[in-house]
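K.L.:
Quick one, work-v8.pdb (PDB, C-alpha atoms):
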ATOM      1  CA  MET A 233     106.642 119.007  90.583  1.00  0.00           C
ATOM      2  CA  ALA A 234     108.241 118.556  87.173  1.00  0.00           C
ATOM      3  CA  THR A 235     106.235 119.759  84.198  1.00  0.00           C
ATOM      4  CA  SER A 236     108.403 118.161  81.496  1.00  0.00           C
ATOM      5  CA  LYS A 237     110.695 115.173  81.118  1.00  0.00           C
ATOM      6  CA  THR A 238     113.673 117.514  81.003  1.00  0.00           C
ATOM      7  CA  GLU A 239     112.676 119.062  84.337  1.00  0.00           C
ATOM      8  CA  LEU A 240     112.023 115.622  85.823  1.00  0.00           C
ATOM      9  CA  TYR A 241     115.489 114.407  84.823  1.00  0.00           C
ATOM     10  CA  ASP A 242     117.057 117.635  86.125  1.00  0.00           C
ATOM     11  CA  GLN A 243     115.357 117.002  89.479  1.00  0.00           C
ATOM     12  CA  LEU A 244     116.518 113.378  89.446  1.00  0.00           C
ATOM     13  CA  ALA A 245     120.080 114.489  88.683  1.00  0.00           C
ATOM     14  CA  SER A 246     120.038 116.769  91.711  1.00  0.00           C
ATOM     15  CA  GLN A 247     118.570 114.017  93.909  1.00  0.00           C
ATOM     16  CA  LEU A 248     121.073 111.474  92.605  1.00  0.00           C
ATOM     17  CA  ARG A 249     124.050 113.730  93.312  1.00  0.00           C
ATOM     18  CA  SER A 250     122.823 114.196  96.893  1.00  0.00           C
ATOM     19  CA  LEU A 251     122.080 110.502  97.321  1.00  0.00           C
ATOM     20  CA  LEU A 252     125.525 109.407  96.102  1.00  0.00           C
ATOM     21  CA  ALA A 253     127.556 112.199  97.713  1.00  0.00           C
ATOM     22  CA  GLY A 254     130.577 110.853  99.558  1.00  0.00           C
ATOM     23  CA  GLU A 255     130.078 107.204  98.552  1.00  0.00           C
ATOM     24  CA  PRO A 256     132.599 105.860  96.016  1.00  0.00           C
ATOM     25  CA  ASP A 257     131.333 102.248  95.837  1.00  0.00           C
ATOM     26  CA  LEU A 258     129.822 101.504  92.419  1.00  0.00           C
ATOM     27  CA  VAL A 259     127.568  98.656  93.590  1.00  0.00           C
ATOM     28  CA  ALA A 260     126.141 100.621  96.522  1.00  0.00           C
ATOM     29  CA  ASN A 261     125.578 103.643  94.291  1.00  0.00           C
ATOM     30  CA  ALA A 262     123.989 101.524  91.549  1.00  0.00           C
ATOM     31  CA  ALA A 263     121.590 100.068  94.136  1.00  0.00           C
ATOM     32  CA  ASN A 264     120.413 103.506  95.259  1.00  0.00           C
ATOM     33  CA  PHE A 265     120.317 104.729  91.640  1.00  0.00           C
ATOM     34  CA  SER A 266     118.057 101.789  90.660  1.00  0.00           C
ATOM     35  CA  SER A 267     115.660 102.477  93.495  1.00  0.00           C
ATOM     36  CA  LEU A 268     115.532 106.222  92.835  1.00  0.00           C
ATOM     37  CA  VAL A 269     114.785 105.808  89.126  1.00  0.00           C
ATOM     38  CA  PHE A 270     112.343 102.914  89.590  1.00  0.00           C
ATOM     39  CA  HIS A 271     110.244 104.898  92.048  1.00  0.00           C
ATOM     40  CA  ALA A 272     110.536 108.306  90.341  1.00  0.00           C
ATOM     41  CA  LEU A 273     109.897 107.489  86.692  1.00  0.00           C
ATOM     42  CA  PRO A 274     106.389 106.444  85.690  1.00  0.00           C
ATOM     43  CA  ASP A 275     105.499 103.251  83.872  1.00  0.00           C
ATOM     44  CA  LEU A 276     108.551 101.092  84.606  1.00  0.00           C
ATOM     45  CA  ASN A 277     108.581  97.432  85.565  1.00  0.00           C
ATOM     46  CA  TRP A 278     112.385  97.027  85.767  1.00  0.00           C
ATOM     47  CA  ALA A 279     115.327  99.354  86.394  1.00  0.00           C
ATOM     48  CA  GLY A 280     118.838  98.180  86.988  1.00  0.00           C
ATOM     49  CA  PHE A 281     122.363  97.476  85.919  1.00  0.00           C
ATOM     50  CA  TYR A 282     124.523  94.912  84.233  1.00  0.00           C
ATOM     51  CA  PHE A 283     128.292  95.222  84.694  1.00  0.00           C
ATOM     52  CA  ALA A 284     130.910  94.239  82.114  1.00  0.00           C
ATOM     53  CA  LYS A 285     133.015  91.325  83.301  1.00  0.00           C
ATOM     54  CA  ASP A 286     135.149  88.872  81.315  1.00  0.00           C
ATOM     55  CA  GLY A 287     133.482  89.656  77.981  1.00  0.00           C
ATOM     56  CA  GLU A 288     129.898  89.484  79.190  1.00  0.00           C
ATOM     57  CA  LEU A 289     127.374  91.445  81.218  1.00  0.00           C
ATOM     58  CA  VAL A 290     126.684  90.293  84.776  1.00  0.00           C
ATOM     59  CA  LEU A 291     123.562  91.320  86.689  1.00  0.00           C
ATOM     60  CA  GLY A 292     124.012  94.141  89.184  1.00  0.00           C
ATOM     61  CA  PRO A 293     121.616  95.980  91.498  1.00  0.00           C
ATOM     62  CA  PHE A 294     118.059  96.367  90.217  1.00  0.00           C
ATOM     63  CA  GLU A 295     114.403  96.936  91.089  1.00  0.00           C
ATOM     64  CA  GLY A 296     111.808  94.626  89.570  1.00  0.00           C
ATOM     65  CA  LYS A 297     111.290  90.918  88.973  1.00  0.00           C
ATOM     66  CA  PRO A 298     114.253  88.519  88.922  1.00  0.00           C
ATOM     67  CA  ALA A 299     116.373  88.879  85.794  1.00  0.00           C
ATOM     68  CA  CYS A 300     118.828  87.027  83.599  1.00  0.00           C
ATOM     69  CA  VAL A 301     122.166  86.800  85.401  1.00  0.00           C
ATOM     70  CA  ARG A 302     124.556  86.799  82.433  1.00  0.00           C
ATOM     71  CA  ILE A 303     124.205  88.269  78.945  1.00  0.00           C
ATOM     72  CA  ARG A 304     126.768  87.875  76.176  1.00  0.00           C
ATOM     73  CA  LEU A 305     127.950  91.062  74.478  1.00  0.00           C
ATOM     74  CA  GLY A 306     125.887  91.560  71.333  1.00  0.00           C
ATOM     75  CA  GLN A 307     122.985  89.479  72.688  1.00  0.00           C
ATOM     76  CA  GLY A 308     119.587  91.057  73.367  1.00  0.00           C
ATOM     77  CA  VAL A 309     119.041  94.778  73.895  1.00  0.00           C
ATOM     78  CA  CYS A 310     121.550  95.048  76.768  1.00  0.00           C
ATOM     79  CA  GLY A 311     124.260  93.154  74.929  1.00  0.00           C
ATOM     80  CA  THR A 312     123.660  95.195  71.781  1.00  0.00           C
ATOM     81  CA  GLY A 313     123.933  98.513  73.642  1.00  0.00           C
ATOM     82  CA  ALA A 314     127.063  97.251  75.394  1.00  0.00           C
ATOM     83  CA  SER A 315     128.785  96.012  72.242  1.00  0.00           C
ATOM     84  CA  LYS A 316     128.030  99.248  70.364  1.00  0.00           C
ATOM     85  CA  CYS A 317     128.711 101.455  73.434  1.00  0.00           C
ATOM     86  CA  GLU A 318     125.636 103.493  72.567  1.00  0.00           C
ATOM     87  CA  THR A 319     122.151 104.058  73.909  1.00  0.00           C
ATOM     88  CA  VAL A 320     119.543 101.749  72.409  1.00  0.00           C
ATOM     89  CA  ILE A 321     115.816 102.544  72.491  1.00  0.00           C
ATOM     90  CA  VAL A 322     113.462  99.708  71.558  1.00  0.00           C
ATOM     91  CA  PRO A 323     109.815 100.797  71.245  1.00  0.00           C
ATOM     92  CA  ASN A 324     108.571  97.185  70.987  1.00  0.00           C
ATOM     93  CA  VAL A 325     110.898  94.487  72.317  1.00  0.00           C
ATOM     94  CA  HIS A 326     108.867  91.782  70.580  1.00  0.00           C
ATOM     95  CA  GLU A 327     110.140  93.168  67.261  1.00  0.00           C
ATOM     96  CA  PHE A 328     113.807  93.218  68.367  1.00  0.00           C
ATOM     97  CA  PRO A 329     115.748  90.260  66.960  1.00  0.00           C
ATOM     98  CA  GLY A 330     117.219  88.189  69.779  1.00  0.00           C
ATOM     99  CA  HIS A 331     115.354  89.981  72.572  1.00  0.00           C
ATOM    100  CA  ILE A 332     115.856  88.263  75.933  1.00  0.00           C
ATOM    101  CA  ALA A 333     112.516  88.090  77.746  1.00  0.00           C
ATOM    102  CA  CYS A 334     113.206  88.070  81.483  1.00  0.00           C
ATOM    103  CA  ASP A 335     109.756  89.515  82.304  1.00  0.00           C
ATOM    104  CA  SER A 336     106.949  88.792  79.854  1.00  0.00           C
ATOM    105  CA  ALA A 337     105.265  92.054  80.925  1.00  0.00           C
ATOM    106  CA  SER A 338     108.073  94.134  79.359  1.00  0.00           C
ATOM    107  CA  ASN A 339     107.145  95.710  76.020  1.00  0.00           C
ATOM    108  CA  SER A 340     109.701  98.507  75.572  1.00  0.00           C
ATOM    109  CA  GLU A 341     113.263  99.031  76.737  1.00  0.00           C
ATOM    110  CA  ILE A 342     116.111 101.513  76.874  1.00  0.00           C
ATOM    111  CA  VAL A 343     119.751 100.638  77.518  1.00  0.00           C
ATOM    112  CA  VAL A 344     122.390 103.264  78.331  1.00  0.00           C
ATOM    113  CA  PRO A 345     126.086 102.309  78.390  1.00  0.00           C
ATOM    114  CA  LEU A 346     128.223 103.252  81.383  1.00  0.00           C
ATOM    115  CA  MET A 347     131.567 104.500  80.097  1.00  0.00           C
ATOM    116  CA  LYS A 348     134.675 105.386  82.106  1.00  0.00           C
ATOM    117  CA  ASP A 349     137.783 106.603  80.286  1.00  0.00           C
ATOM    118  CA  SER A 350     136.386 105.269  76.969  1.00  0.00           C
ATOM    119  CA  ARG A 351     135.926 101.833  78.559  1.00  0.00           C
ATOM    120  CA  LEU A 352     132.577 100.067  78.990  1.00  0.00           C
ATOM    121  CA  ILE A 353     131.914  99.301  82.651  1.00  0.00           C
ATOM    122  CA  GLY A 354     128.285  98.260  82.243  1.00  0.00           C
ATOM    123  CA  VAL A 355     124.816  99.292  81.161  1.00  0.00           C
ATOM    124  CA  LEU A 356     121.753 100.850  82.719  1.00  0.00           C
ATOM    125  CA  ASP A 357     118.621  98.987  81.618  1.00  0.00           C
ATOM    126  CA  LEU A 358     115.015 100.166  81.986  1.00  0.00           C
ATOM    127  CA  ASP A 359     111.935  98.187  80.918  1.00  0.00           C
ATOM    128  CA  SER A 360     108.312  99.266  80.622  1.00  0.00           C
ATOM    129  CA  PRO A 361     105.051  97.383  80.153  1.00  0.00           C
ATOM    130  CA  SER A 362     104.018 100.083  77.630  1.00  0.00           C
ATOM    131  CA  ILE A 363     104.989 100.001  73.975  1.00  0.00           C
ATOM    132  CA  GLY A 364     106.886 103.144  72.942  1.00  0.00           C
ATOM    133  CA  ARG A 365     107.536 104.282  76.529  1.00  0.00           C
ATOM    134  CA  PHE A 366     111.061 105.658  75.911  1.00  0.00           C
ATOM    135  CA  ASP A 367     112.176 108.515  73.659  1.00  0.00           C
ATOM    136  CA  ALA A 368     115.106 110.856  73.010  1.00  0.00           C
ATOM    137  CA  ASP A 369     114.279 112.906  76.132  1.00  0.00           C
ATOM    138  CA  ASP A 370     114.591 109.745  78.233  1.00  0.00           C
ATOM    139  CA  ALA A 371     117.873 108.907  76.503  1.00  0.00           C
ATOM    140  CA  ASP A 372     119.287 112.376  77.239  1.00  0.00           C
ATOM    141  CA  GLY A 373     118.117 112.334  80.856  1.00  0.00           C
ATOM    142  CA  LEU A 374     119.320 108.805  81.576  1.00  0.00           C
ATOM    143  CA  GLN A 375     122.697 109.473  79.948  1.00  0.00           C
ATOM    144  CA  LYS A 376     123.086 112.467  82.268  1.00  0.00           C
ATOM    145  CA  LEU A 377     122.230 110.311  85.297  1.00  0.00           C
ATOM    146  CA  ALA A 378     124.607 107.561  84.142  1.00  0.00           C
ATOM    147  CA  ARG A 379     127.451 110.088  83.869  1.00  0.00           C
ATOM    148  CA  ILE A 380     126.785 111.182  87.467  1.00  0.00           C
ATOM    149  CA  LEU A 381     127.017 107.574  88.670  1.00  0.00           C
ATOM    150  CA  VAL A 382     130.295 106.984  86.841  1.00  0.00           C
ATOM    151  CA  GLU A 383     131.806 110.310  88.012  1.00  0.00           C
ATOM    152  CA  VAL A 384     130.953 109.685  91.661  1.00  0.00           C
ATOM    153  CA  SER A 385     131.802 105.982  91.838  1.00  0.00           C
ATOM    154  CA  GLY A 386     135.430 104.916  92.008  1.00  0.00           C
TER     155      GLY A 386
END
Write out the structure in this file as structure tokens.
P.N.:
Amino acid sequence: MATSKTELYDQLASQLRSLLAGEPDLVANAANFSSLVFHALPDLNWAGFYFAKDGELVLGPFEGKPACVRIRLGQGVCGTGASKCETVIVPNVHEFPGHIACDSASNSEIVVPLMKDSRLIGVLDLDSPSIGRFDADDADGLQKLARILVEVSG
């Protein structure tokens, strides 16, 4: 049992590597990644992916309520993280200009870009019903998990 966020993310990294071992398909791996994270991390109501395609983000595998299918780069938290190619932590989404509310129960969000050879391939998006749910430890841990997904998936 993990005693800190760092230990929890280290355990998840090990589980993710085992779960994805030998499977190069990005969509299949993103589906298992979403399920693993959704069920392992406390206080989430959405965990999933958007993939970069033709200048926008298109919904990929996820766990949670139905979501917006397409997001323009620069729009909402996901589009902002994608356009800046950096992790974005929003403690209170209701204070984020242009927030896209797919689930009214979401109050905080973190978006981690998926980068391959300096190119954006998508974003990992996690939502929580709690304000201030995500912090720098979550950012570090989720960035580590995102790198595993990109390394393993062709």
K.L.:
Report as a PyMOL selection string the full result of the PyMOL selection byres ((chain A and resi 277) around 10) when it is applied to this structure.
P.N.:
chain A and resi 270+274-276+278-279+295-297+335+337-339+358-362
K.L.:
Would you pick out the contacts of A:Leu251 at 12 Å or less, using all atoms listed in the file, so that residues sharing its chain but fewer than 3 positions from it are not included, and give the list as a PyMOL selection string?
P.N.:
chain A and resi 244-248+254-256+260-269+380-381+384
K.L.:
For A:Ile303, which residue among A:Leu374, A:Ala333, A:Met347, A:Val259 is the nearest when counting only C-alpha atoms?
P.N.:
A:Ala333
K.L.:
One number please: atom CA of A:Leu305 to atom CA of A:Ser385, in Å, one decimal.
P.N.:
23.2 Å
K.L.:
What does the distance between atom CA of A:Leu273 and atom CA of A:Lys348 come to in Å, to one decimal place?
P.N.:
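Taking atom CA of A:Leu273 and atom CA of A:Lys348, their separation equals 25.3 Å.
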K.L.:
Can you list, as a compact mmCIF listing (two decimals) with C-alpha atoms, in the frame of the given file, the residues that the PyMOL selection byres ((chain A and resi 283) around 6) selects here?
P.N.:
# COMPACT_ATOMS: atom_id res chain seq x y z
CA TYR A 282 124.52 94.91 84.23
CA ALA A 284 130.91 94.24 82.11
CA LEU A 289 127.37 91.44 81.22
CA VAL A 290 126.68 90.29 84.78
CA ILE A 353 131.91 99.30 82.65
CA GLY A 354 128.28 98.26 82.24
K.L.:
Starting from the sparse input, extend stretch 332-343 of chain A to all heavy atoms and give the output as a compact mmCIF listing (two decimals), in the coordinates of the input.
P.N.:
# COMPACT_ATOMS: atom_id res chain seq x y z
N ILE A 332 115.86 89.20 74.81
CA ILE A 332 115.86 88.26 75.93
C ILE A 332 114.70 88.65 76.85
O ILE A 332 114.70 89.73 77.44
CB ILE A 332 117.19 88.32 76.70
CG1 ILE A 332 118.35 88.01 75.77
CG2 ILE A 332 117.16 87.37 77.89
CD1 ILE A 332 119.71 88.36 76.35
N ALA A 333 113.71 87.78 76.96
CA ALA A 333 112.52 88.09 77.75
C ALA A 333 112.67 87.57 79.17
O ALA A 333 112.41 86.41 79.45
CB ALA A 333 111.29 87.49 77.09
N CYS A 334 113.12 88.44 80.07
CA CYS A 334 113.21 88.07 81.48
C CYS A 334 111.84 88.22 82.16
O CYS A 334 111.47 87.45 83.02
CB CYS A 334 114.25 88.92 82.20
SG CYS A 334 115.93 88.63 81.62
N ASP A 335 111.09 89.25 81.76
CA ASP A 335 109.76 89.52 82.30
C ASP A 335 108.82 89.66 81.11
O ASP A 335 108.95 90.59 80.31
CB ASP A 335 109.78 90.79 83.14
CG ASP A 335 108.43 91.12 83.78
OD1 ASP A 335 107.42 90.48 83.45
OD2 ASP A 335 108.40 92.05 84.61
N SER A 336 107.86 88.78 81.00
CA SER A 336 106.95 88.79 79.85
C SER A 336 106.10 90.06 79.81
O SER A 336 105.51 90.37 78.77
CB SER A 336 106.05 87.55 79.87
OG SER A 336 105.26 87.54 81.04
N ALA A 337 106.04 90.81 80.90
CA ALA A 337 105.26 92.05 80.92
C ALA A 337 105.99 93.21 80.24
O ALA A 337 105.40 94.23 79.95
CB ALA A 337 104.93 92.44 82.37
N SER A 338 107.30 93.05 79.98
CA SER A 338 108.07 94.13 79.36
C SER A 338 107.73 94.23 77.87
O SER A 338 107.75 93.23 77.16
CB SER A 338 109.57 93.88 79.52
OG SER A 338 109.93 93.97 80.88
N ASN A 339 107.46 95.46 77.43
CA ASN A 339 107.14 95.71 76.02
C ASN A 339 108.07 96.72 75.35
O ASN A 339 108.17 96.74 74.13
CB ASN A 339 105.69 96.16 75.87
CG ASN A 339 104.73 95.01 76.07
OD1 ASN A 339 104.89 93.95 75.48
ND2 ASN A 339 103.74 95.20 76.94
N SER A 340 108.72 97.58 76.13
CA SER A 340 109.70 98.51 75.57
C SER A 340 110.89 98.58 76.52
O SER A 340 110.79 98.22 77.69
CB SER A 340 109.10 99.89 75.33
OG SER A 340 108.65 100.48 76.52
N GLU A 341 112.02 99.07 75.96
CA GLU A 341 113.26 99.03 76.74
C GLU A 341 114.21 100.13 76.26
O GLU A 341 114.20 100.51 75.09
CB GLU A 341 113.91 97.65 76.54
CG GLU A 341 115.12 97.37 77.37
CD GLU A 341 115.54 95.90 77.31
OE1 GLU A 341 114.90 95.09 76.62
OE2 GLU A 341 116.55 95.58 77.97
N ILE A 342 115.01 100.61 77.20
CA ILE A 342 116.11 101.51 76.87
C ILE A 342 117.35 101.04 77.62
O ILE A 342 117.26 100.64 78.80
CB ILE A 342 115.77 102.99 77.21
CG1 ILE A 342 116.89 103.92 76.72
CG2 ILE A 342 115.48 103.17 78.68
CD1 ILE A 342 116.52 105.40 76.77
N VAL A 343 118.48 101.05 76.93
CA VAL A 343 119.75 100.64 77.52
C VAL A 343 120.76 101.76 77.29
O VAL A 343 120.91 102.25 76.17
CB VAL A 343 120.26 99.33 76.88
CG1 VAL A 343 121.68 99.02 77.33
CG2 VAL A 343 119.32 98.18 77.23
